[in-house]
2 protein chains.
Amino acid sequence: MSITIRDIAQKLNLSIAAVSRALDGYADISPETRERVIRAAEEMGYAPNRAARQLRRQKSDTIGYIMPVYSPRFADSYYSEFIEGMGDESAKQGFDLLISTAPPQSKTEQQIYHQWVQGNKVDGLVLNRICVHDWRVQYLRDQHKPFSGLEHSLDGVDYPRVEVDNFNGFVKLVEHVLQYGFERIAYIGGPGVLKIQADRLAGYQAGLAAAGMFQAPDYVCAGDLTSEGGYAATQVLLSLPKPPNAILCVNDQTAFGALHAANEADLRIGEQIAIAGFDGVRDARYSNPPLTTVDQPVYEIARKLVQMLAVEIRGEPMPERSVLIEPKLLLRASTGA
Amino acid sequence: MSITIRDIAQKLNLSIAAVSRALDGYADISPETRERVIRAAEEMGYAPNRAARQLRRQKSDTIGYIMPVYSPRFADSYYSEFIEGMGDESAKQGFDLLISTAPPQSKTEQQIYHQWVQGNKVDGLVLNRICVHDWRVQYLRDQHKPFSGLEHSLDGVDYPRVEVDNFNGFVKLVEHVLQYGFERIAYIGGPGVLKIQADRLAGYQAGLAAAGMFQAPDYVCAGDLTSEGGYAATQVLLSLPKPPNAILCVNDQTAFGALHAANEADLRIGEQIAIAGFDGVRDARYSNPPLTTVDQPVYEIARKLVQMLAVEIRGEPMPERSVLIEPKLLLRASTGA
DNA sequence: TTGTAGGCGTTATCAA
DNA sequence: TTGATAACGCCTACAA
């Protein structure tokens with residue numbers, strides 16, 4: 001079937017042990033033998049059987065990521081960028097990347113984590129969309145399985161992580177729209193359990209408080225991180241007796257939905273109403289009108305997460321277990337900029 | 001370390017063979033024993049070691065996909081939708097999804113394919129962005145490794161596939177802009193080796209020919225499937241002595257770049273110039289102005305590809321090895337609709 | 001119905 | 001420097 005070290009050994013009249021060591025670069029093998037083995041392996045198109053190696057070494061050289069899908073066919077280029085970053089860095093670090101999809105907090109999600117961890121399918125995992133209290137963090141800690149995460153949950157676990165200054169990003173966003181004269185500022189958020197939701201909402205509130213602005217309870221809506229959710233929430237906001245003239249959204253997808261609803265309502269966006277997002281996805285430059293957003297370097301963040309995880313897996317010392325990223329405002333026409 | 005069937009056997013005073021068979025649902029085991037085993041496994045949090053199982057069964061229950069990245073940090077929600085579709089269907093079919101990134105036709109790409117195939121890391125692969133003549137198709141055929149693909153290469157290999165009627169889609173696109181009075185129609189394509197490029201370009205030319213329209217050689221540009229490429233190509237087109245008044249793009253990302261360039265040139269898009277894409281990514285609804293595009297159900301296509309691949313891997317008979325999808329025009333403001 | 005034993009391909013330990 | 005051999009955890013033919 002496939003070529004094994006046994007085939008190479010046979011052909012070269014060597015023991016499989018010698019072949020194995022020659023290929024793995026051990027020192028106790030004669031240079032000429034090593035040379036012969038390596039050439040033969042090349043010629044025969046040998047590649048080690050990953051299952052056998054994994055079984056023996058008790059590690060899989062694989063990193064796992066479970067993509068949180070809130071609904072079937074939800075598309076968000078945030079994820080393509082995130083996955084690309086993880087893929088590039090995984091390859092560089094010599095790991096494969098195993099991906100699955102599951103609704104957050106679902107039974108399915110738990111099963112996959114359990115199978116991967118207990119079945120030794122992955123050496124470590126990358127988490128994002130971390131919750132304020134996250135069962136995954138606790139579970140992986142208990143299982144002593146290495147992981148890294150985007151955002152820091154409040155479970156008291158010191159895992160390697162990247163944190164975006166969501167709070168401050170939103171404060172700046174509020175300041176920006178205030179400066180442009182929009183004073184009735186609403187917020188469309190995501191699921192309340194999410195850390196980003198907690199932090200961004202807090203930033204929104206702090207920004208308003210700092211300016212001594214009125215905070216209408218009606219002005220804080222729940223979305224679901226999708227453009228559909230943003231669309232629906234915006235319709236509700238616009239039908240209030242005293243509708244807002246600025247809508248800040250927890251992410252860009254939500255903002256796309258908000259733009260859509262405001263356009264349908266024939267509002268002059270950037271003039272009669274300001275709309276902004278958070279993420280900095282590429283496509284935000286091409287929306288109608290171009291979307292003001294808070295840019296976070298998703299690709300770089302994903303790479304960093306994998307890189308930190310690789311260090312953790314290899315058990316190397318890690319100088320900084322926490323990287324803080326200051327996102328930056330991208331001012332565009334949707335807020336009148 | 002982890003729980004194995006040996007642990008369960010020990011606890012229950014059974015042989016590991018009995019435990020194994022009880023868990024795998026063999027008939028030759030007493031109901032009560034099976035009951036005990038299953039409960040114990042549950043209690044102890046057992047999950048089979050994937051490497052051991054894979055080594056023994058000679059299959060990995062894993063599907064591979066290599067994401068073609070043309071440049072670092074290229075974001076395209078086409079891929080997040082594609083990956084989500086594959087992820088959902090893989091889970092449903094009982095497969096894990098292994099993902100890597102590599103530039104198309106690169107040495108890296110070849111190495112990964114070789115490692116995965118020869119190392120038995122995956123049971124099969126999904127290909128997209130198929131080339132007119134594709135080394136991957138030939139390689140996997142030679143290695144007798146199951147695979148499915150989006151688009152059919154001309155290598156004379158009858159693999160399970162989904163084909164989108166790119167030719168006809170572009171013919172319809174040409175008809176549409178002609179009908180709206182745009183007669184100087186340009187085309188921005190992708191890498192010439194791609195099957196979609198060949199088919200869509202042919203559709204463009206056929207559409208023009210059918211209407212007896214003039215075809216300026218200047219009007220056919222090469223892009224790279226990114227918005228940057230579309231932006232650059234559009235700048236070239238607009239600086240021609242006799243610039244086009246319609247630009248049809250090989251994909252939506254390219255079209256986003258074209259919109260950007262046309263907006264910068266202060267053209268009234270949909271009026272002075274028509275711009276259209278191809279893919280139907282979600283975000284095309286939110287561009288400035290909303291983008292006319294040819295919609296293909298990416299999520300469903302991805303699922304179908306995995307489903308066909310699963311059938312192929314299991315060696316089941318496949319009624320239809322080729323699925324043809326007729327994409328449909330989505331008319332929006334960017335072409336004056 | 002259950003247990004014994006061999007082997008999947010690799011790596012690591014020990015001897016030669 | 002090299003070879004024989006024993007695991008890693010699971011599955012399955014065969015024996016009991």
# chains A, B, ... in the order shown; residues from 1 in each chain; ligands from 1
>>> residues_around(residues="DG3 in chain C", least_positions_apart="5", cutoff="8 Å", atoms="only C-alpha atoms (C1' of nucleotides)", output="list in words")
Ser15 and Ala17 of chain B; DA16 of chain D
>>> write_last_selection(atoms="N, CA and C atoms (P, O5', C5', C4', C3', O3' and C1' of nucleotides)", output="tab-separated table (two decimals), in the first residue's frame")
chain	number	residue	atom	x	y	z
B	15	SER	N	-12.07	-8.62	29.51
B	15	SER	CA	-10.94	-8.48	28.59
B	15	SER	C	-11.13	-7.22	27.76
B	17	ALA	N	-10.83	-6.98	24.73
B	17	ALA	CA	-11.56	-7.34	23.51
B	17	ALA	C	-13.06	-7.20	23.73
D	16	DA	P	-7.92	-23.58	22.01
D	16	DA	O5'	-8.98	-23.06	23.06
D	16	DA	C5'	-8.55	-22.17	24.09
D	16	DA	C4'	-9.74	-21.77	24.92
D	16	DA	C3'	-10.49	-22.95	25.57
D	16	DA	O3'	-10.65	-22.70	26.95
D	16	DA	C1'	-11.99	-21.51	24.48
>>> residues_around(residues="DA7 in chain D", least_positions_apart="4", cutoff="10 Å", atoms="only C-alpha atoms (C1' of nucleotides)", output="compact mmCIF listing (two decimals) with N, CA and C atoms (P, O5', C5', C4', C3', O3' and C1' of nucleotides), in the first residue's frame")
# COMPACT_ATOMS: atom_id res chain seq x y z
N ARG A 56 2.85 6.52 18.88
CA ARG A 56 4.10 6.28 19.57
C ARG A 56 4.54 7.51 20.38
P DT C 11 9.16 7.86 13.70
O5' DT C 11 9.43 7.42 15.21
C5' DT C 11 8.68 8.02 16.25
C4' DT C 11 9.04 7.37 17.57
C3' DT C 11 10.46 7.64 18.05
O3' DT C 11 10.35 8.00 19.41
C1' DT C 11 10.03 5.33 18.10
P DA C 12 11.54 8.68 20.19
O5' DA C 12 11.91 7.58 21.28
C5' DA C 12 10.88 7.05 22.12
C4' DA C 12 11.44 5.91 22.95
C3' DA C 12 12.86 6.16 23.48
O3' DA C 12 12.97 5.54 24.76
C1' DA C 12 12.87 4.28 22.10
>>> closest_atom_pairs(of="chain C", to="chain A", cutoff="9 Å", atoms="only C-alpha atoms (C1' of nucleotides)", output="JSON lines")
{"residue": "C:DC8", "atom": "C1'", "partner": "A:Ala52", "partner_atom": "CA", "distance": 7.9}
{"residue": "C:DG9", "atom": "C1'", "partner": "A:Ala52", "partner_atom": "CA", "distance": 4.9}
{"residue": "C:DT10", "atom": "C1'", "partner": "A:Arg53", "partner_atom": "CA", "distance": 5.0}
{"residue": "C:DT11", "atom": "C1'", "partner": "A:Arg56", "partner_atom": "CA", "distance": 6.2}
>>> interface_residues(of="chain A", to="chain B", cutoff="6 Å", atoms="only C-alpha atoms", output="PDB file with C-alpha atoms, in the first residue's frame")
ATOM      1  CA  ALA A  47       6.308  10.087   4.237  1.00  0.00           C
ATOM      2  CA  PRO A  48       5.859   8.851   7.790  1.00  0.00           C
ATOM      3  CA  ASN A  49       2.508   7.430   8.775  1.00  0.00           C
ATOM      4  CA  ARG A  50       1.034  10.089  10.980  1.00  0.00           C
ATOM      5  CA  ALA A  51      -1.124   7.776  13.030  1.00  0.00           C
ATOM      6  CA  ALA A  52       1.736   5.488  13.929  1.00  0.00           C
ATOM      7  CA  LEU A  55       0.484   6.789  18.721  1.00  0.00           C
ATOM      8  CA  ALA A  75     -20.823  34.197   6.314  1.00  0.00           C
ATOM      9  CA  ASP A  76     -18.355  36.534   7.912  1.00  0.00           C
ATOM     10  CA  SER A  77     -15.023  37.324   6.357  1.00  0.00           C
ATOM     11  CA  TYR A  79     -13.496  34.010   9.978  1.00  0.00           C
ATOM     12  CA  SER A  80     -11.807  33.558   6.644  1.00  0.00           C
ATOM     13  CA  GLU A  81      -9.154  35.962   7.807  1.00  0.00           C
ATOM     14  CA  GLY A  87      -3.405  28.167   8.818  1.00  0.00           C
ATOM     15  CA  ASP A  88      -0.330  30.138   7.840  1.00  0.00           C
ATOM     16  CA  LEU A  97      -4.948  22.612  11.733  1.00  0.00           C
ATOM     17  CA  LEU A  98      -8.084  20.667  12.523  1.00  0.00           C
ATOM     18  CA  ILE A  99     -11.353  22.493  12.173  1.00  0.00           C
ATOM     19  CA  SER A 100     -14.903  21.761  13.068  1.00  0.00           C
ATOM     20  CA  THR A 101     -18.087  23.756  13.310  1.00  0.00           C
ATOM     21  CA  GLN A 115     -13.420  13.654  21.505  1.00  0.00           C
ATOM     22  CA  GLN A 118      -9.631  12.737  25.370  1.00  0.00           C
ATOM     23  CA  GLY A 119      -8.930  11.016  22.069  1.00  0.00           C
ATOM     24  CA  LYS A 121      -6.581  14.149  18.394  1.00  0.00           C
ATOM     25  CA  TYR A 286     -16.960  48.830   0.161  1.00  0.00           C
ATOM     26  CA  SER A 287     -20.243  49.128   2.016  1.00  0.00           C
ATOM     27  CA  ASN A 288     -22.849  51.719   1.231  1.00  0.00           C
ATOM     28  CA  PRO A 289     -21.669  54.131   2.456  1.00  0.00           C
TER      29      PRO A 289
END
>>> interface_residues(of="chain D", to="chain A", cutoff="10 Å", atoms="only C-alpha atoms (C1' of nucleotides)", output="list in words")
DT1, DT2, DG3, DA4, DA7, DC8 and DG9 of chain D
>>> select_by_dssp(residues="range 104-172 of chain B", states="strand (DSSP E)", output="number ranges by chain")
B: 124-127, 147-150, 161-164
>>> atom_distance(atom1="CA of Asp252 in chain A", atom2="CA of Phe278 in chain A")
5.2 Å
>>> select_by_dssp(residues="range 40-190 of chain B", states="alpha helix (DSSP H)", output="ChimeraX atom specification")
/B:40-44,50-57,77-93,107-118,135-142,166-179
